[in-house]
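What follows is the content of run.pdb (PDB, C-alpha atoms).
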```pdb
ATOM      1  CA  MET A   1      45.182-153.318  -2.255
ATOM      2  CA  PRO A   2      45.056-149.792  -0.800
ATOM      3  CA  GLU A   3      48.341-147.930  -0.426
ATOM      4  CA  ARG A   4      49.418-147.059   3.095
ATOM      5  CA  ALA A   5      51.368-144.062   4.361
ATOM      6  CA  PRO A   6      54.906-145.087   3.451
ATOM      7  CA  ALA A   7      57.239-143.337   5.893
ATOM      8  CA  LYS A   8      57.378-144.581   9.436
ATOM      9  CA  ALA A   9      59.258-141.395  10.439
ATOM     10  CA  MET A  10      56.430-139.265   9.077
ATOM     11  CA  ASP A  11      53.951-141.303  11.084
ATOM     12  CA  LEU A  12      55.977-140.616  14.206
ATOM     13  CA  ASP A  13      56.064-136.895  13.398
ATOM     14  CA  PHE A  14      52.361-136.994  12.728
ATOM     15  CA  ALA A  15      51.668-138.653  16.091
ATOM     16  CA  GLY A  16      53.727-135.878  17.702
ATOM     17  CA  LEU A  17      51.689-133.249  15.874
ATOM     18  CA  VAL A  18      48.451-134.848  17.059
ATOM     19  CA  ARG A  19      49.641-134.895  20.684
ATOM     20  CA  GLN A  20      50.916-131.307  20.404
ATOM     21  CA  HIS A  21      47.755-129.813  18.898
ATOM     22  CA  GLN A  22      44.906-132.088  20.007
ATOM     23  CA  ALA A  23      43.875-129.881  22.964
ATOM     24  CA  MET A  24      43.773-126.809  20.713
ATOM     25  CA  VAL A  25      41.786-128.494  17.917
ATOM     26  CA  PHE A  26      39.398-130.281  20.282
ATOM     27  CA  SER A  27      38.812-127.151  22.400
ATOM     28  CA  ILE A  28      38.016-124.892  19.422
ATOM     29  CA  ALA A  29      35.483-127.486  18.254
ATOM     30  CA  TRP A  30      34.072-128.023  21.746
ATOM     31  CA  HIS A  31      33.727-124.340  22.613
ATOM     32  CA  VAL A  32      32.051-123.599  19.267
ATOM     33  CA  LEU A  33      29.796-126.680  19.189
ATOM     34  CA  ARG A  34      29.140-127.217  22.941
ATOM     35  CA  ASP A  35      29.025-130.975  22.324
ATOM     36  CA  ARG A  36      31.980-133.070  23.474
ATOM     37  CA  ALA A  37      31.264-136.136  21.324
ATOM     38  CA  VAL A  38      30.740-134.137  18.126
ATOM     39  CA  ALA A  39      33.834-132.047  18.920
ATOM     40  CA  GLU A  40      35.992-135.198  19.294
ATOM     41  CA  GLU A  41      34.655-136.586  16.032
ATOM     42  CA  LEU A  42      35.338-133.299  14.254
ATOM     43  CA  ALA A  43      38.839-133.080  15.768
ATOM     44  CA  GLN A  44      39.612-136.593  14.500
ATOM     45  CA  ASP A  45      38.407-135.660  11.013
ATOM     46  CA  VAL A  46      40.624-132.567  11.097
ATOM     47  CA  PHE A  47      43.716-134.644  11.977
ATOM     48  CA  LEU A  48      42.842-137.199   9.300
ATOM     49  CA  SER A  49      42.705-134.346   6.810
ATOM     50  CA  LEU A  50      45.989-132.973   8.194
ATOM     51  CA  HIS A  51      47.626-136.336   7.497
ATOM     52  CA  GLN A  52      46.465-136.140   3.876
ATOM     53  CA  HIS A  53      47.714-132.559   3.437
ATOM     54  CA  LEU A  54      50.896-132.799   5.505
ATOM     55  CA  ALA A  55      53.193-132.709   2.461
ATOM     56  CA  GLU A  56      51.705-129.352   1.416
ATOM     57  CA  LEU A  57      52.389-127.657   4.764
ATOM     58  CA  GLU A  58      55.730-125.901   4.943
ATOM     59  CA  SER A  59      56.383-125.126   8.610
ATOM     60  CA  PRO A  60      55.067-125.673  12.151
ATOM     61  CA  GLU A  61      53.427-122.204  11.932
ATOM     62  CA  HIS A  62      51.723-123.242   8.710
ATOM     63  CA  VAL A  63      50.453-126.417  10.403
ATOM     64  CA  LEU A  64      49.109-124.371  13.341
ATOM     65  CA  PHE A  65      47.362-121.879  11.020
ATOM     66  CA  TRP A  66      45.956-124.718   8.894
ATOM     67  CA  LEU A  67      44.603-126.566  11.936
ATOM     68  CA  ARG A  68      42.925-123.452  13.347
ATOM     69  CA  ARG A  69      41.399-122.556   9.973
ATOM     70  CA  VAL A  70      40.133-126.034   9.136
ATOM     71  CA  THR A  71      38.790-126.665  12.657
ATOM     72  CA  SER A  72      36.968-123.312  12.804
ATOM     73  CA  ASN A  73      35.466-123.682   9.342
ATOM     74  CA  ARG A  74      34.354-127.273   9.923
ATOM     75  CA  ALA A  75      32.803-126.358  13.274
ATOM     76  CA  LEU A  76      30.922-123.518  11.550
ATOM     77  CA  ASP A  77      29.774-125.984   8.870
ATOM     78  CA  VAL A  78      28.383-128.275  11.583
ATOM     79  CA  LEU A  79      26.554-125.315  13.144
ATOM     80  CA  ARG A  80      25.073-124.347   9.771
ATOM     81  CA  ARG A  81      23.835-127.907   9.231
ATOM     82  CA  ARG A  82      22.254-127.777  12.697
ATOM     83  CA  GLN A  83      20.385-124.573  11.873
ATOM     84  CA  ARG A  84      17.309-126.543  10.841
ATOM     85  CA  ARG A  85      16.974-127.621  14.453
ATOM     86  CA  PRO A  86      15.541-124.991  16.824
ATOM     87  CA  MET A  87      18.300-123.250  18.786
ATOM     88  CA  VAL A  88      18.103-121.004  21.824
ATOM     89  CA  SER A  89      19.318-117.524  20.884
ATOM     90  CA  LEU A  90      21.472-115.514  23.264
ATOM     91  CA  GLU A  91      18.553-113.194  23.941
ATOM     92  CA  ASN A  92      16.408-116.161  24.951
ATOM     93  CA  ALA A  93      19.150-118.113  26.727
ATOM     94  CA  PRO A  94      18.450-118.780  30.410
ATOM     95  CA  GLU A  95      20.172-116.471  32.845
ATOM     96  CA  PRO A  96      23.237-118.026  34.455
ATOM     97  CA  VAL A  97      22.538-118.710  38.106
ATOM     98  CA  ALA A  98      24.440-118.024  41.342
ATOM     99  CA  LEU A  99      27.254-115.930  39.915
ATOM    100  CA  SER A 100      29.169-114.445  42.753
ATOM    101  CA  SER A 101      32.817-113.764  42.201
ATOM    102  CA  SER A 102      35.678-113.814  39.742
ATOM    103  CA  GLY A 103      37.223-117.249  39.219
ATOM    104  CA  ASP A 104      34.014-118.974  40.213
ATOM    105  CA  PRO A 105      33.788-122.256  38.274
ATOM    106  CA  MET A 106      30.070-121.631  37.840
ATOM    107  CA  LEU A 107      30.871-118.328  36.185
ATOM    108  CA  GLY A 108      33.106-120.184  33.716
ATOM    109  CA  GLY A 109      30.321-122.612  32.915
ATOM    110  CA  ALA A 110      27.821-119.792  32.531
ATOM    111  CA  LEU A 111      30.176-117.902  30.229
ATOM    112  CA  ARG A 112      30.730-120.993  28.089
ATOM    113  CA  ARG A 113      26.962-121.451  27.797
ATOM    114  CA  LEU A 114      26.497-117.807  26.823
ATOM    115  CA  VAL A 115      29.317-118.018  24.268
ATOM    116  CA  GLY A 116      27.633-121.164  22.944
ATOM    117  CA  ALA A 117      24.435-119.168  22.408
ATOM    118  CA  LEU A 118      26.134-116.433  20.352
ATOM    119  CA  PRO A 119      25.548-116.317  16.586
ATOM    120  CA  GLU A 120      27.832-118.829  14.862
ATOM    121  CA  LYS A 121      30.429-116.441  13.412
ATOM    122  CA  ALA A 122      30.618-114.371  16.595
ATOM    123  CA  ARG A 123      31.063-117.578  18.576
ATOM    124  CA  ALA A 124      34.041-118.661  16.459
ATOM    125  CA  ILE A 125      35.537-115.169  16.750
ATOM    126  CA  VAL A 126      35.194-115.141  20.562
ATOM    127  CA  VAL A 127      36.704-118.638  20.838
ATOM    128  CA  LEU A 128      39.675-117.753  18.638
ATOM    129  CA  ARG A 129      40.149-114.466  20.522
ATOM    130  CA  TYR A 130      39.998-115.798  24.073
ATOM    131  CA  GLN A 131      40.940-119.465  23.765
ATOM    132  CA  GLU A 132      43.747-118.962  21.270
ATOM    133  CA  ASP A 133      44.582-115.374  22.257
ATOM    134  CA  LEU A 134      44.656-114.294  18.594
ATOM    135  CA  ASP A 135      44.389-110.683  17.471
ATOM    136  CA  PRO A 136      41.605-109.579  15.065
ATOM    137  CA  ALA A 137      43.919-109.655  12.020
ATOM    138  CA  GLU A 138      44.856-113.293  12.656
ATOM    139  CA  ILE A 139      41.214-114.222  13.263
ATOM    140  CA  ALA A 140      40.258-112.489  10.000
ATOM    141  CA  ARG A 141      42.870-114.534   8.095
ATOM    142  CA  ILE A 142      41.681-117.788   9.650
ATOM    143  CA  LEU A 143      37.984-117.185   8.978
ATOM    144  CA  GLY A 144      38.502-115.422   5.647
ATOM    145  CA  ILE A 145      36.559-112.307   6.620
ATOM    146  CA  PRO A 146      37.534-108.600   6.852
ATOM    147  CA  VAL A 147      39.310-107.393  10.012
ATOM    148  CA  GLY A 148      36.597-104.747  10.461
ATOM    149  CA  THR A 149      33.961-107.474  10.618
ATOM    150  CA  VAL A 150      35.956-109.348  13.253
ATOM    151  CA  LYS A 151      36.298-106.203  15.370
ATOM    152  CA  SER A 152      32.643-105.227  15.113
ATOM    153  CA  GLN A 153      31.369-108.775  15.799
ATOM    154  CA  LEU A 154      33.725-109.059  18.761
ATOM    155  CA  GLN A 155      32.510-105.769  20.235
ATOM    156  CA  ARG A 156      28.881-106.757  19.716
ATOM    157  CA  ALA A 157      29.467-110.207  21.261
ATOM    158  CA  LEU A 158      31.224-108.705  24.291
ATOM    159  CA  ALA A 159      28.419-106.196  24.772
ATOM    160  CA  LEU A 160      25.833-108.999  24.650
ATOM    161  CA  LEU A 161      27.808-111.160  27.072
ATOM    162  CA  ARG A 162      28.362-108.196  29.403
ATOM    163  CA  GLU A 163      24.672-107.346  29.383
ATOM    164  CA  LYS A 164      23.600-110.931  29.960
ATOM    165  CA  LEU A 165      26.083-111.434  32.767
ATOM    166  CA  SER A 166      25.435-108.101  34.441
ATOM    167  CA  ARG A 167      21.761-109.026  34.737
ATOM    168  CA  SER A 168      22.858-112.025  36.771
ATOM    169  CA  LEU A 169      25.613-110.316  38.709
ATOM    170  CA  GLY A 170      23.479-107.333  39.609
ATOM    171  CA  GLU A 171      25.488-104.374  40.676
ATOM    172  CA  ILE A 172      28.951-105.941  40.166
ATOM    173  CA  ALA A 173      30.643-103.915  37.434
ATOM    174  CA  LEU A 174      32.144-105.725  34.452
TER     175      LEU A 174
ATOM    176  CA  MET B   1      35.867-108.623  37.600
ATOM    177  CA  ASN B   2      37.218-108.346  34.069
ATOM    178  CA  LEU B   3      35.045-110.001  31.412
ATOM    179  CA  GLU B   4      37.927-110.632  29.034
ATOM    180  CA  ASP B   5      39.997-112.354  31.744
ATOM    181  CA  GLU B   6      36.975-114.443  32.717
ATOM    182  CA  LEU B   7      36.495-115.424  29.065
ATOM    183  CA  ARG B   8      40.156-116.466  28.795
ATOM    184  CA  SER B   9      39.701-118.612  31.875
ATOM    185  CA  ALA B  10      36.355-120.070  30.763
ATOM    186  CA  LEU B  11      37.598-120.825  27.244
ATOM    187  CA  ARG B  12      40.969-122.317  28.166
ATOM    188  CA  ARG B  13      42.046-125.419  26.300
ATOM    189  CA  HIS B  14      40.919-128.870  27.412
ATOM    190  CA  GLU B  15      42.373-132.244  26.502
ATOM    191  CA  PRO B  16      40.167-134.677  24.575
ATOM    192  CA  SER B  17      39.679-138.244  25.848
ATOM    193  CA  PRO B  18      42.911-140.119  26.704
ATOM    194  CA  ASP B  19      42.725-142.484  23.722
ATOM    195  CA  PHE B  20      42.264-139.632  21.232
ATOM    196  CA  THR B  21      45.744-139.898  19.629
ATOM    197  CA  ALA B  22      45.482-143.684  19.337
ATOM    198  CA  ARG B  23      42.086-143.402  17.645
ATOM    199  CA  VAL B  24      43.370-140.795  15.181
ATOM    200  CA  LEU B  25      46.376-142.975  14.308
ATOM    201  CA  ALA B  26      44.128-146.023  13.877
ATOM    202  CA  ARG B  27      41.911-144.094  11.473
ATOM    203  CA  VAL B  28      44.961-142.843   9.563
ATOM    204  CA  ALA B  29      46.280-146.411   9.248
ATOM    205  CA  ALA B  30      42.907-147.567   7.923
ATOM    206  CA  THR B  31      42.702-144.781   5.324
ATOM    207  CA  PRO B  32      44.413-145.057   1.925
ATOM    208  CA  ALA B  33      47.133-142.411   1.673
ATOM    209  CA  ARG B  34      47.355-139.863  -1.139
ATOM    210  CA  THR B  35      50.827-140.733  -2.416
ATOM    211  CA  PRO B  36      52.695-138.567  -4.970
ATOM    212  CA  ALA B  37      52.418-141.416  -7.525
ATOM    213  CA  ARG B  38      48.630-141.367  -7.235
ATOM    214  CA  TYR B  39      48.646-137.593  -7.362
ATOM    215  CA  TRP B  40      50.646-137.552 -10.606
ATOM    216  CA  MET B  41      48.607-140.407 -12.046
ATOM    217  CA  ARG B  42      45.468-138.344 -11.513
ATOM    218  CA  TRP B  43      47.071-135.375 -13.285
ATOM    219  CA  ALA B  44      48.373-137.556 -16.146
ATOM    220  CA  THR B  45      44.909-139.043 -16.642
ATOM    221  CA  ALA B  46      43.361-135.578 -16.758
ATOM    222  CA  VAL B  47      45.971-134.322 -19.265
ATOM    223  CA  ALA B  48      45.544-137.447 -21.443
ATOM    224  CA  ALA B  49      41.773-137.025 -21.434
ATOM    225  CA  ALA B  50      42.136-133.368 -22.415
ATOM    226  CA  LEU B  51      44.507-134.316 -25.260
ATOM    227  CA  VAL B  52      42.128-136.997 -26.572
ATOM    228  CA  LEU B  53      39.288-134.466 -26.512
ATOM    229  CA  ALA B  54      41.390-131.817 -28.295
ATOM    230  CA  VAL B  55      42.584-134.259 -30.981
ATOM    231  CA  GLY B  56      39.025-135.534 -31.399
ATOM    232  CA  ALA B  57      37.700-131.992 -31.792
ATOM    233  CA  VAL B  58      40.342-131.113 -34.408
ATOM    234  CA  GLY B  59      39.677-134.400 -36.287
ATOM    235  CA  TYR B  60      35.952-133.806 -36.226
ATOM    236  CA  ARG B  61      36.381-130.285 -37.576
ATOM    237  CA  GLN B  62      38.594-131.608 -40.393
ATOM    238  CA  TYR B  63      36.045-134.336 -41.167
ATOM    239  CA  GLU B  64      33.238-131.775 -41.227
ATOM    240  CA  GLY B  65      35.320-129.529 -43.506
ATOM    241  CA  GLU B  66      36.044-132.370 -45.930
ATOM    242  CA  ARG B  67      32.377-133.355 -45.965
ATOM    243  CA  ALA B  68      31.272-129.808 -46.694
ATOM    244  CA  LYS B  69      33.903-129.519 -49.438
ATOM    245  CA  SER B  70      32.785-132.725 -51.149
ATOM    246  CA  GLN B  71      29.150-131.594 -50.928
ATOM    247  CA  VAL B  72      30.056-128.271 -52.589
ATOM    248  CA  LEU B  73      31.969-130.108 -55.331
ATOM    249  CA  LEU B  74      29.028-132.439 -55.913
ATOM    250  CA  ALA B  75      26.659-129.477 -56.093
ATOM    251  CA  MET B  76      28.981-127.744 -58.559
ATOM    252  CA  ARG B  77      29.194-130.912 -60.665
ATOM    253  CA  ILE B  78      25.395-131.216 -60.743
ATOM    254  CA  THR B  79      25.049-127.527 -61.609
ATOM    255  CA  ALA B  80      27.638-127.855 -64.391
ATOM    256  CA  SER B  81      25.855-130.869 -65.894
ATOM    257  CA  LYS B  82      22.507-129.049 -65.756
ATOM    258  CA  LEU B  83      24.073-126.000 -67.383
ATOM    259  CA  ASN B  84      25.549-128.191 -70.120
ATOM    260  CA  LYS B  85      22.176-129.726 -70.839
ATOM    261  CA  ALA B  86      20.518-126.297 -70.919
ATOM    262  CA  GLN B  87      23.229-124.958 -73.188
ATOM    263  CA  LYS B  88      22.789-127.906 -75.589
ATOM    264  CA  LYS B  89      19.026-127.319 -75.704
ATOM    265  CA  VAL B  90      19.533-123.624 -76.415
ATOM    266  CA  GLN B  91      21.963-124.488 -79.208
ATOM    267  CA  MET B  92      19.512-127.022 -80.691
ATOM    268  CA  ILE B  93      16.676-124.487 -80.629
ATOM    269  CA  SER B  94      18.773-121.772 -82.192
ATOM    270  CA  HIS B  95      20.072-124.261 -84.798
ATOM    271  CA  ARG B  96      16.470-125.208 -85.738
ATOM    272  CA  GLY B  97      15.535-121.549 -85.949
ATOM    273  CA  ASN B  98      18.382-120.849 -88.381
ATOM    274  CA  SER B  99      17.487-123.798 -90.633
TER     275      SER B  99
END
```
I'd like the structure from this file rewritten - as structure tokens, please.
Amino acid sequence: MPERAPAKAMDLDFAGLVRQHQAMVFSIAWHVLRDRAVAEELAQDVFLSLHQHLAELESPEHVLFWLRRVTSNRALDVLRRRQRRPMVSLENAPEPVALSSSGDPMLGGALRRLVGALPEKARAIVVLRYQEDLDPAEIARILGIPVGTVKSQLQRALALLREKLSRSLGEIAL
Amino acid sequence: MNLEDELRSALRRHEPSPDFTARVLARVAATPARTPARYWMRWATAVAAALVLAVGAVGYRQYEGERAKSQVLLAMRITASKLNKAQKKVQMISHRGNS
């Protein structure tokens, strides 16, 4: 007969952790993958894995770091597996339409689509930078890449996004 | 318009579906847990297997050594017997020559 998680208290703590971090985990996956169903599935897998590794995590900060790292890396794995399927590159992505002003919900949607068309690593970097408000050093630790790479990819991604958006916005300066 | 502010707004967090927590907990309940006992059992099995392999390797080397030793002894015995026979023949020939 399979063994079950023994401590009821731990289960309660775990449920609290899920409720506390589910928006963060799901949103990283969703913004990187641009697919709600796949993002939910991935987020569930991440929490299942968290439950199995909970005893190894030493603090709430460690849990937060672990969740961000595992979610980002798994989302990148899904993207790599998808690479066989034809994808629209940022250069070939359709121009966002009817962008008029700051705070426009259509602008948000257009930006999310453009972020979703960035190269996989740059996409994860942009999501961690602007969704999680992390600095390049923290992003580098999470993704296991040099800080210089994070900075250069971030600059390149912002330049691409700026260029793509400015084509749509016309003369409005970014 | 500031691109970075717009990105923060566009990439803000969203909640998953309302039954997300319940589904995670259901999956956790249906999954066998990795308990410390299982963890240590896995380690103990690995250590025991390593020990058996090490003891087996040492035993095999000893067996091979003994086998090689007995083969050398047998070869020496055969050589000694052949030498004895040759020596006897030489003695017989020299004895005949003298008489």
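For the atom pair formed by atom CA of A:Ala124 and atom CA of A:Ser27, the distance is 11.4 Å, given to one decimal.
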**Report entry** Answer as a list in words, residues within 7 Å of (46.8, -130.0, 29.0) using only C-alpha atoms
**Finding:** Ala23 of chain A; His14 and Glu15 of chain B
Requested in this report: Pick out the chain B residues within 10 Å of chain A. Count only C-alpha atoms. Give them as a PyMOL selection string.
Outcome: chain B and resi 1-17+20-25+27-36+38
Hey, could you pull the box centre and edge lengths for stretch 64-73 of chain A, axis-aligned, 6 Å padding per side, all listed atoms, to one decimal in Å, as lines of an AutoDock Vina configuration file?
```
center_x = 42.3
center_y = -124.3
center_z = 11.1
size_x = 25.6
size_y = 16.8
size_z = 16.5
```
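Reported to one decimal place, the separation of atom CA of A:Arg69 from atom CA of A:Ile142 is 4.8 Å.
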Query raised in the report: What is the distance, in Å and to one decimal place, between atom CA of A:Leu79 and atom CA of A:Lys121?
Result: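 Those two atoms sit 9.7 Å apart.
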Considering only C-alpha atoms, return as a short mmCIF file (atom, residue, chain, number, x, y, z; two decimals) with C-alpha atoms, in the frame of the given file whatever protein or nucleic-acid residues lie within 12 Å of A:Ile145, sequence-local ones (same chain, fewer than 3 positions apart) excluded.
```cif
data_model
loop_
_atom_site.label_atom_id
_atom_site.label_comp_id
_atom_site.auth_asym_id
_atom_site.auth_seq_id
_atom_site.Cartn_x
_atom_site.Cartn_y
_atom_site.Cartn_z
CA ARG A 69 41.40 -122.56 9.97
CA ASN A 73 35.47 -123.68 9.34
CA LYS A 121 30.43 -116.44 13.41
CA ALA A 122 30.62 -114.37 16.60
CA ALA A 124 34.04 -118.66 16.46
CA ILE A 125 35.54 -115.17 16.75
CA PRO A 136 41.60 -109.58 15.06
CA ALA A 137 43.92 -109.66 12.02
CA GLU A 138 44.86 -113.29 12.66
CA ILE A 139 41.21 -114.22 13.26
CA ALA A 140 40.26 -112.49 10.00
CA ARG A 141 42.87 -114.53 8.10
CA ILE A 142 41.68 -117.79 9.65
CA GLY A 148 36.60 -104.75 10.46
CA THR A 149 33.96 -107.47 10.62
CA VAL A 150 35.96 -109.35 13.25
CA LYS A 151 36.30 -106.20 15.37
CA SER A 152 32.64 -105.23 15.11
CA GLN A 153 31.37 -108.78 15.80
#
```
With C-alpha atoms as the atom set, please write stretch 46-88 of chain B from the structure just given, as a tab-separated table (two decimals), in the first residue's frame.
```
chain	number	residue	atom	x	y	z
B	46	ALA	CA	22.81	1.40	-2.49
B	47	VAL	CA	25.49	1.05	0.23
B	48	ALA	CA	24.75	-2.69	0.63
B	49	ALA	CA	25.00	-3.21	-3.12
B	50	ALA	CA	28.31	-1.35	-3.21
B	51	LEU	CA	29.64	-3.48	-0.32
B	52	VAL	CA	28.59	-6.74	-2.03
B	53	LEU	CA	30.33	-5.59	-5.21
B	54	ALA	CA	33.50	-4.60	-3.32
B	55	VAL	CA	33.63	-7.89	-1.38
B	56	GLY	CA	32.96	-9.81	-4.59
B	57	ALA	CA	35.76	-7.98	-6.39
B	58	VAL	CA	38.25	-8.66	-3.57
B	59	GLY	CA	37.18	-12.35	-3.42
B	60	TYR	CA	37.51	-12.70	-7.16
B	61	ARG	CA	40.99	-11.18	-7.10
B	62	GLN	CA	42.03	-13.58	-4.32
B	63	TYR	CA	40.57	-16.52	-6.26
B	64	GLU	CA	42.41	-15.44	-9.40
B	65	GLY	CA	45.64	-15.07	-7.39
B	66	GLU	CA	45.29	-18.54	-5.88
B	67	ARG	CA	44.56	-20.03	-9.30
B	68	ALA	CA	47.60	-18.38	-10.83
B	69	LYS	CA	49.75	-19.55	-7.91
B	70	SER	CA	48.62	-23.16	-8.24
B	71	GLN	CA	49.23	-23.03	-12.00
B	72	VAL	CA	52.79	-21.75	-11.40
B	73	LEU	CA	53.40	-24.51	-8.84
B	74	LEU	CA	52.09	-27.13	-11.26
B	75	ALA	CA	54.31	-25.77	-14.02
B	76	MET	CA	57.30	-25.83	-11.67
B	77	ARG	CA	56.49	-29.41	-10.65
B	78	ILE	CA	56.28	-30.49	-14.30
B	79	THR	CA	59.53	-28.68	-15.09
B	80	ALA	CA	61.26	-30.30	-12.11
B	81	SER	CA	60.11	-33.78	-13.15
B	82	LYS	CA	61.28	-33.17	-16.73
B	83	LEU	CA	64.62	-31.92	-15.45
B	84	ASN	CA	64.97	-35.01	-13.26
B	85	LYS	CA	64.32	-37.28	-16.20
B	86	ALA	CA	66.82	-35.38	-18.35
B	87	GLN	CA	69.39	-35.48	-15.59
B	88	LYS	CA	68.94	-39.26	-15.20
```
